[in-house]
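Heads up, the thing below is written out as structure tokens.
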Amino acid sequence: MKSMFGAFFAILAIAIGANLALTQAGFSSQERTSSSAVRLDP
Amino acid sequence: MKRILISLIFTLSFVSLAFAQSTAAPDRNATGGAQTLEDIMARQRGEEVDNSFRSDATGDAARAAEISKQLGTLGGNSDPELWRALRFGSADITASNSGPAAEVLIQDGGMSWLNLRSGPLIKYGGGLLLWVIGLLGLFYLIRGRIKIDGEKTGRKITRFKAAERFSHWLLAGSFLLLGATGLITLMGRKFLIPTFGHEAFSVLAIGSKWIHNNVSWAFIIALVLIFVFWVVDNIPHRTDINWLLKGGGIFSRGHPPAKKFNAGQKLIFWSVIVLGGSISVSGISLLFPFQFEMFAATFAKVNAIGLGTYLGFGELREVLAPHEEMQYAQLWHSVVSFVLMAIILAHIYIGSMGMEGAYDAMGSGEVEEQWAREHHSLWVEEILGPQVPHAPVATDKKPVAKAAKKSATELAKVADAPITVAKTPKKKSKTKPVKPAEVKTKKASAPKSAKPAAKKANVKKATAAKPKKPASET
């Protein structure tokens with residue numbers, strides 16, 4: 001059961017980490033599709 | 001005679017050419033070359049209509065009027081010609097936003113994708129899942145829970161280590177989340193909005209999107225982990241043929257011999273790897289829109305080997321609009337996911353309520369020895385060695401009960417000893433010895449002298465007596 005709960009916790013950690021990483025990586029739709037003249041949300 | 005024959009052939013060829021021309025290019029003089037009522041009706045009947053008379057009629061830029069003259073702002077083209085150019089994607093577009101999709105203003109493939117997504121995909125995908133659930137319910141009613149036939153030994157064998165179980169649950173947990181949020185995303189508009197309203201569904205949809213996008217990485221990591229852990233044990237073996245021919249013993253008493261994974265489990269494993277891998281690749285292309293053009297390249301390869309023609313699809317289109325790439329990726333992602341979900345439903349059933357003792361493999365990692373002997377007899381022989389008396393595989397209930405009682409007594413004698421080192425070869429003809437196994441009790445730990453023998457298997461006896469002799473003396 002420890003392995004199972006550990007895995008579930010890992011899913012949460014990976015998801016939060018992935019969200020942070022992808023947000024920082026500049027791959028959001030607004031960043032990918034807007035030109036340099038567009039002011040984006042911080 | 002020859003001259004007559006040749007002239008006949010020529011005549012027939014001209015007639016056929018004229019006929020072909022008349023079917024390929026219908027008379028549109030009445031509309032000045034524009035589409036006719038028959039064209040529209042044919043499209044509505046779902047017939048293939050050659051649109052080249054429209055897609056090619058987009059004006060001639062070379063004959064453009066000067067900007068100061070009449071129609072100059074349209075580049076010498078009429079309004080209908082400009083709209084046709086937009087409609088068929090040949091207009092020269094300059095957009096202020098960037099990205100490959102920005103310059104495609106009208107993408108008519110989107111309509112067929114939307115119809116497919118909101119209609120047959122939900123109908124047949126959801127139907128498949130309901131059908132599998134119903135089938136499993138029916139199977140449970142007919143067959144009941146598959147129980148351990150023989151008498152339980154009370155000893156446990158370590159089937160999966162903590163790292164393996166962690167990887168399994170990482171995959172399972174993420175798959176359940178992805179499956180649920182994927183279904184919400186696909187079916188929410190049809191089933192949830194009418195029930196809960198737009199605002200409630202909006203919250204659910206945004207949450208589902210966040211979970212689906214971010215939990216997907218856990219799924220991909222877990223997929224790699226389980227592949228590394230289990231690929232060797234899932235390579236097909238000749239015993240799998242026998243297992244499959246006997247249907248895994250599902251409808252009969254007795255179980256075909258199997259190694260660590262039986263043929264059914266191998267099918268599940270490779271389904272997860274292949275379908276899960278495909279879902280991951282299409283999912284990544286959806287996560288990073290317009291970055292990976294997978295389908296145009298795949299269609300080109302399919303055409304190159306002539307597979308499309310062989311299967312009756314004809315030549316597949318090798319030039320796709322950016323949106324079409326995403327639409328194909330989404331459809332593929334959904335279809336393959338539905339197939340994998342259907343397979344996993346069966347896996348969940350057999351690993352939980354469908355079979356006694358199966359859950360322990362992924363719960364505690366330790367399974368009842370009798371369960372292991374019945375379902376994975378060759379694996380048990382590999383790890384424990386053949387000198388441990390077998391509890392017989394059930395072929396009929398009464399003999400099993402008697403034989404199990406006898407073997408249980410013999411097994412208890414073995415289990416009372418703290419350590420049993422198996423050095424007997426698997427078969428007489430083979431010289432390679434079987435790897436030694438460790439047998440230990442809960443109350444008594446193995447003496448130091450015997451520890452090197454412990455490599456692959458742990459067999460624990462729940463109520464073992466205190467050992468009287470060290471392993472070296474047994």
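Convention: chains lettered A, B, ... in structure tokens order; per-chain residue numbering from 1; ligands numbered from 1 as shown.
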
Residue hits in chain B, query chain A, radius 9 Å, only C-alpha atoms, as a short mmCIF file (atom, residue, chain, number, x, y, z; two decimals) with C-alpha atoms, in the first residue's frame:
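Okay, part30.cif is ready:
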data_model
loop_
_atom_site.label_atom_id
_atom_site.label_comp_id
_atom_site.auth_asym_id
_atom_site.auth_seq_id
_atom_site.Cartn_x
_atom_site.Cartn_y
_atom_site.Cartn_z
CA SER B 96 -0.90 39.88 -37.17
CA ASN B 97 -0.72 36.88 -34.89
CA SER B 98 1.89 34.24 -35.52
CA GLY B 99 1.80 30.48 -35.77
CA PRO B 100 1.13 28.18 -38.70
CA ALA B 101 -2.61 28.10 -38.10
CA ALA B 102 -3.03 31.88 -38.21
CA ALA B 162 8.29 -1.96 -4.18
CA ALA B 163 9.75 -0.16 -7.22
CA GLU B 164 7.68 -2.28 -9.59
CA ARG B 165 4.51 -1.69 -7.61
CA PHE B 166 5.26 2.02 -7.47
CA SER B 167 5.62 2.14 -11.26
CA HIS B 168 2.42 0.16 -11.73
CA TRP B 169 0.42 2.49 -9.50
CA LEU B 170 2.02 5.54 -11.08
CA LEU B 171 0.75 4.26 -14.42
CA GLY B 173 -3.34 6.25 -11.09
CA SER B 174 -2.38 8.55 -13.92
CA TRP B 210 -5.21 21.07 -16.07
CA ILE B 211 -5.17 17.49 -14.79
CA ASN B 213 -2.24 18.17 -19.50
CA ASN B 214 -0.03 17.80 -16.45
CA VAL B 215 -0.73 14.26 -15.22
CA SER B 216 0.13 13.01 -18.70
CA TRP B 217 3.83 13.31 -17.83
CA ALA B 218 3.41 10.90 -14.93
CA PHE B 219 1.81 8.44 -17.35
CA PHE B 288 2.40 21.43 -28.26
CA PRO B 289 -0.01 22.38 -31.06
CA MET B 362 0.17 -5.22 -6.50
CA GLY B 363 -1.13 -4.54 -3.00
CA SER B 364 1.50 -5.94 -0.67
CA GLY B 365 3.61 -7.44 -3.43
#

Worksheet item: Quick one: residues within 9 Å of segment 369-374 of chain B, only C-alpha atoms counted, chain neighbours fewer than 2 positions away excluded, as a ChimeraX atom specification?
Response: /B:147-157,159,254-258,356-358,366-367,376-381,390-394,459

Just want the 9 Å neighbourhood of segment 275-277 of chain B, counted on only C-alpha atoms, with same-chain residues fewer than 3 positions away dropped. Output as a PDB file with N, CA and C atoms, in the first residue's frame.
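After the write, part.pdb holds the following:
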ATOM      1  N   PHE B 219       2.146   9.633 -16.549  1.00  0.00           N
ATOM      2  CA  PHE B 219       1.813   8.439 -17.346  1.00  0.00           C
ATOM      3  C   PHE B 219       2.985   8.044 -18.241  1.00  0.00           C
ATOM      4  N   ILE B 220       3.578   9.032 -18.883  1.00  0.00           N
ATOM      5  CA  ILE B 220       4.690   8.743 -19.805  1.00  0.00           C
ATOM      6  C   ILE B 220       5.892   8.182 -19.031  1.00  0.00           C
ATOM      7  N   LEU B 223       5.149   4.667 -17.977  1.00  0.00           N
ATOM      8  CA  LEU B 223       5.175   3.764 -19.131  1.00  0.00           C
ATOM      9  C   LEU B 223       6.614   3.304 -19.409  1.00  0.00           C
ATOM     10  N   TRP B 270       1.761  -5.633 -23.630  1.00  0.00           N
ATOM     11  CA  TRP B 270       2.119  -5.060 -24.937  1.00  0.00           C
ATOM     12  C   TRP B 270       1.046  -4.092 -25.433  1.00  0.00           C
ATOM     13  N   SER B 271      -0.200  -4.328 -25.053  1.00  0.00           N
ATOM     14  CA  SER B 271      -1.248  -3.350 -25.392  1.00  0.00           C
ATOM     15  C   SER B 271      -0.954  -2.013 -24.724  1.00  0.00           C
ATOM     16  N   VAL B 272      -0.579  -2.095 -23.457  1.00  0.00           N
ATOM     17  CA  VAL B 272      -0.293  -0.859 -22.714  1.00  0.00           C
ATOM     18  C   VAL B 272       0.917  -0.152 -23.330  1.00  0.00           C
ATOM     19  N   SER B 280       0.649   8.515 -25.988  1.00  0.00           N
ATOM     20  CA  SER B 280       1.603   9.517 -25.483  1.00  0.00           C
ATOM     21  C   SER B 280       2.104  10.410 -26.611  1.00  0.00           C
ATOM     22  N   VAL B 281       2.442   9.789 -27.746  1.00  0.00           N
ATOM     23  CA  VAL B 281       2.981  10.572 -28.868  1.00  0.00           C
ATOM     24  C   VAL B 281       1.922  11.540 -29.406  1.00  0.00           C
ATOM     25  N   SER B 282       0.705  11.036 -29.619  1.00  0.00           N
ATOM     26  CA  SER B 282      -0.351  11.932 -30.117  1.00  0.00           C
ATOM     27  C   SER B 282      -0.696  12.983 -29.063  1.00  0.00           C
ATOM     28  N   VAL B 336      -7.622   5.424 -29.858  1.00  0.00           N
ATOM     29  CA  VAL B 336      -6.678   4.496 -29.222  1.00  0.00           C
ATOM     30  C   VAL B 336      -6.923   4.457 -27.712  1.00  0.00           C
ATOM     31  N   SER B 337      -7.263   5.600 -27.136  1.00  0.00           N
ATOM     32  CA  SER B 337      -7.542   5.635 -25.693  1.00  0.00           C
ATOM     33  C   SER B 337      -8.770   4.796 -25.347  1.00  0.00           C
ATOM     34  N   VAL B 339      -9.816   2.169 -26.931  1.00  0.00           N
ATOM     35  CA  VAL B 339      -9.417   0.753 -27.024  1.00  0.00           C
ATOM     36  C   VAL B 339      -8.631   0.349 -25.774  1.00  0.00           C
ATOM     37  N   LEU B 340      -7.693   1.209 -25.366  1.00  0.00           N
ATOM     38  CA  LEU B 340      -6.891   0.880 -24.183  1.00  0.00           C
ATOM     39  C   LEU B 340      -7.741   0.867 -22.916  1.00  0.00           C
TER      40      LEU B 340
END

Worksheet item: Can you list every residue in segment 291-360 of chain B that DSSP puts in helix (DSSP H, G or I), as an MDAnalysis selection string?
Response: chainID B and resid 294:304 307:310 322:351 360

File dump, residues just selected, N, CA and C atoms, as a compact mmCIF listing (two decimals), in the first residue's frame:
# COMPACT_ATOMS: atom_id res chain seq x y z
N MET B 294 2.70 14.93 -37.67
CA MET B 294 2.87 13.46 -37.69
C MET B 294 2.08 12.81 -38.81
N PHE B 295 0.88 13.30 -39.05
CA PHE B 295 -0.01 12.54 -39.94
C PHE B 295 0.33 12.70 -41.42
N ALA B 296 0.73 13.90 -41.82
CA ALA B 296 1.13 14.07 -43.23
C ALA B 296 2.31 13.14 -43.53
N ALA B 297 3.26 13.08 -42.59
CA ALA B 297 4.44 12.22 -42.79
C ALA B 297 4.04 10.75 -42.79
N THR B 298 3.10 10.39 -41.90
CA THR B 298 2.64 9.00 -41.83
C THR B 298 1.89 8.62 -43.11
N PHE B 299 1.03 9.53 -43.57
CA PHE B 299 0.26 9.26 -44.79
C PHE B 299 1.20 9.08 -45.99
N ALA B 300 2.27 9.88 -46.01
CA ALA B 300 3.25 9.75 -47.11
C ALA B 300 3.89 8.37 -47.10
N LYS B 301 4.20 7.89 -45.89
CA LYS B 301 4.81 6.55 -45.78
C LYS B 301 3.80 5.46 -46.18
N VAL B 302 2.55 5.66 -45.75
CA VAL B 302 1.50 4.69 -46.10
C VAL B 302 1.33 4.63 -47.62
N ASN B 303 1.36 5.79 -48.25
CA ASN B 303 1.24 5.84 -49.72
C ASN B 303 2.44 5.18 -50.39
N ALA B 304 3.62 5.43 -49.80
CA ALA B 304 4.85 4.91 -50.41
C ALA B 304 4.84 3.38 -50.48
N LEU B 307 -0.07 0.94 -48.97
CA LEU B 307 -1.01 0.35 -48.02
C LEU B 307 -2.42 0.91 -48.16
N GLY B 308 -2.50 2.22 -48.42
CA GLY B 308 -3.81 2.86 -48.57
C GLY B 308 -4.59 2.27 -49.73
N THR B 309 -3.91 2.07 -50.85
CA THR B 309 -4.57 1.49 -52.02
C THR B 309 -4.96 0.05 -51.74
N TYR B 310 -4.07 -0.67 -51.06
CA TYR B 310 -4.33 -2.08 -50.74
C TYR B 310 -5.56 -2.23 -49.86
N PRO B 322 -2.55 22.84 -40.98
CA PRO B 322 -2.10 22.67 -39.59
C PRO B 322 -3.22 22.17 -38.68
N HIS B 323 -4.43 22.70 -38.91
CA HIS B 323 -5.56 22.28 -38.08
C HIS B 323 -5.85 20.79 -38.27
N GLU B 324 -5.71 20.35 -39.52
CA GLU B 324 -6.03 18.95 -39.81
C GLU B 324 -5.09 18.00 -39.07
N GLU B 325 -3.83 18.43 -38.96
CA GLU B 325 -2.87 17.63 -38.19
C GLU B 325 -3.37 17.44 -36.76
N MET B 326 -3.85 18.52 -36.17
CA MET B 326 -4.36 18.48 -34.80
C MET B 326 -5.64 17.66 -34.71
N GLN B 327 -6.48 17.80 -35.74
CA GLN B 327 -7.75 17.05 -35.72
C GLN B 327 -7.50 15.55 -35.83
N TYR B 328 -6.59 15.17 -36.71
CA TYR B 328 -6.25 13.75 -36.81
C TYR B 328 -5.62 13.25 -35.51
N ALA B 329 -4.75 14.09 -34.92
CA ALA B 329 -4.10 13.70 -33.65
C ALA B 329 -5.15 13.49 -32.56
N GLN B 330 -6.14 14.39 -32.52
CA GLN B 330 -7.18 14.28 -31.49
C GLN B 330 -8.02 13.02 -31.71
N LEU B 331 -8.37 12.76 -32.95
CA LEU B 331 -9.18 11.56 -33.23
C LEU B 331 -8.40 10.30 -32.89
N TRP B 332 -7.17 10.26 -33.33
CA TRP B 332 -6.32 9.10 -33.05
C TRP B 332 -6.15 8.90 -31.54
N HIS B 333 -5.87 9.99 -30.85
CA HIS B 333 -5.69 9.99 -29.39
C HIS B 333 -6.94 9.39 -28.72
N SER B 334 -8.10 9.80 -29.17
CA SER B 334 -9.35 9.34 -28.56
C SER B 334 -9.63 7.88 -28.88
N VAL B 335 -9.50 7.53 -30.16
CA VAL B 335 -9.83 6.16 -30.57
C VAL B 335 -8.91 5.15 -29.85
N VAL B 336 -7.62 5.42 -29.86
CA VAL B 336 -6.68 4.50 -29.22
C VAL B 336 -6.92 4.46 -27.71
N SER B 337 -7.26 5.60 -27.14
CA SER B 337 -7.54 5.64 -25.69
C SER B 337 -8.77 4.80 -25.35
N PHE B 338 -9.79 4.86 -26.19
CA PHE B 338 -10.98 4.04 -25.93
C PHE B 338 -10.63 2.56 -25.96
N VAL B 339 -9.82 2.17 -26.93
CA VAL B 339 -9.42 0.75 -27.02
C VAL B 339 -8.63 0.35 -25.77
N LEU B 340 -7.69 1.21 -25.37
CA LEU B 340 -6.89 0.88 -24.18
C LEU B 340 -7.74 0.87 -22.92
N MET B 341 -8.69 1.79 -22.82
CA MET B 341 -9.58 1.81 -21.65
C MET B 341 -10.38 0.51 -21.56
N ALA B 342 -10.85 0.04 -22.73
CA ALA B 342 -11.63 -1.21 -22.74
C ALA B 342 -10.76 -2.37 -22.25
N ILE B 343 -9.52 -2.40 -22.69
CA ILE B 343 -8.61 -3.48 -22.27
C ILE B 343 -8.33 -3.37 -20.77
N ILE B 344 -8.10 -2.14 -20.32
CA ILE B 344 -7.74 -1.94 -18.91
C ILE B 344 -8.92 -2.24 -17.98
N LEU B 345 -10.14 -2.02 -18.46
CA LEU B 345 -11.30 -2.39 -17.65
C LEU B 345 -11.27 -3.88 -17.31
N ALA B 346 -10.94 -4.69 -18.32
CA ALA B 346 -10.83 -6.13 -18.09
C ALA B 346 -9.69 -6.44 -17.13
N HIS B 347 -8.60 -5.71 -17.28
CA HIS B 347 -7.43 -5.90 -16.40
C HIS B 347 -7.78 -5.55 -14.95
N ILE B 348 -8.48 -4.45 -14.77
CA ILE B 348 -8.88 -4.03 -13.42
C ILE B 348 -9.81 -5.09 -12.81
N TYR B 349 -10.73 -5.59 -13.62
CA TYR B 349 -11.68 -6.58 -13.11
C TYR B 349 -10.95 -7.84 -12.61
N ILE B 350 -10.07 -8.37 -13.47
CA ILE B 350 -9.42 -9.63 -13.11
C ILE B 350 -8.40 -9.43 -11.98
N GLY B 351 -7.89 -8.22 -11.86
CA GLY B 351 -6.90 -7.96 -10.81
C GLY B 351 -7.53 -7.58 -9.48
N ASP B 360 -3.21 -9.01 -4.31
CA ASP B 360 -2.06 -9.00 -3.41
C ASP B 360 -0.76 -8.72 -4.16
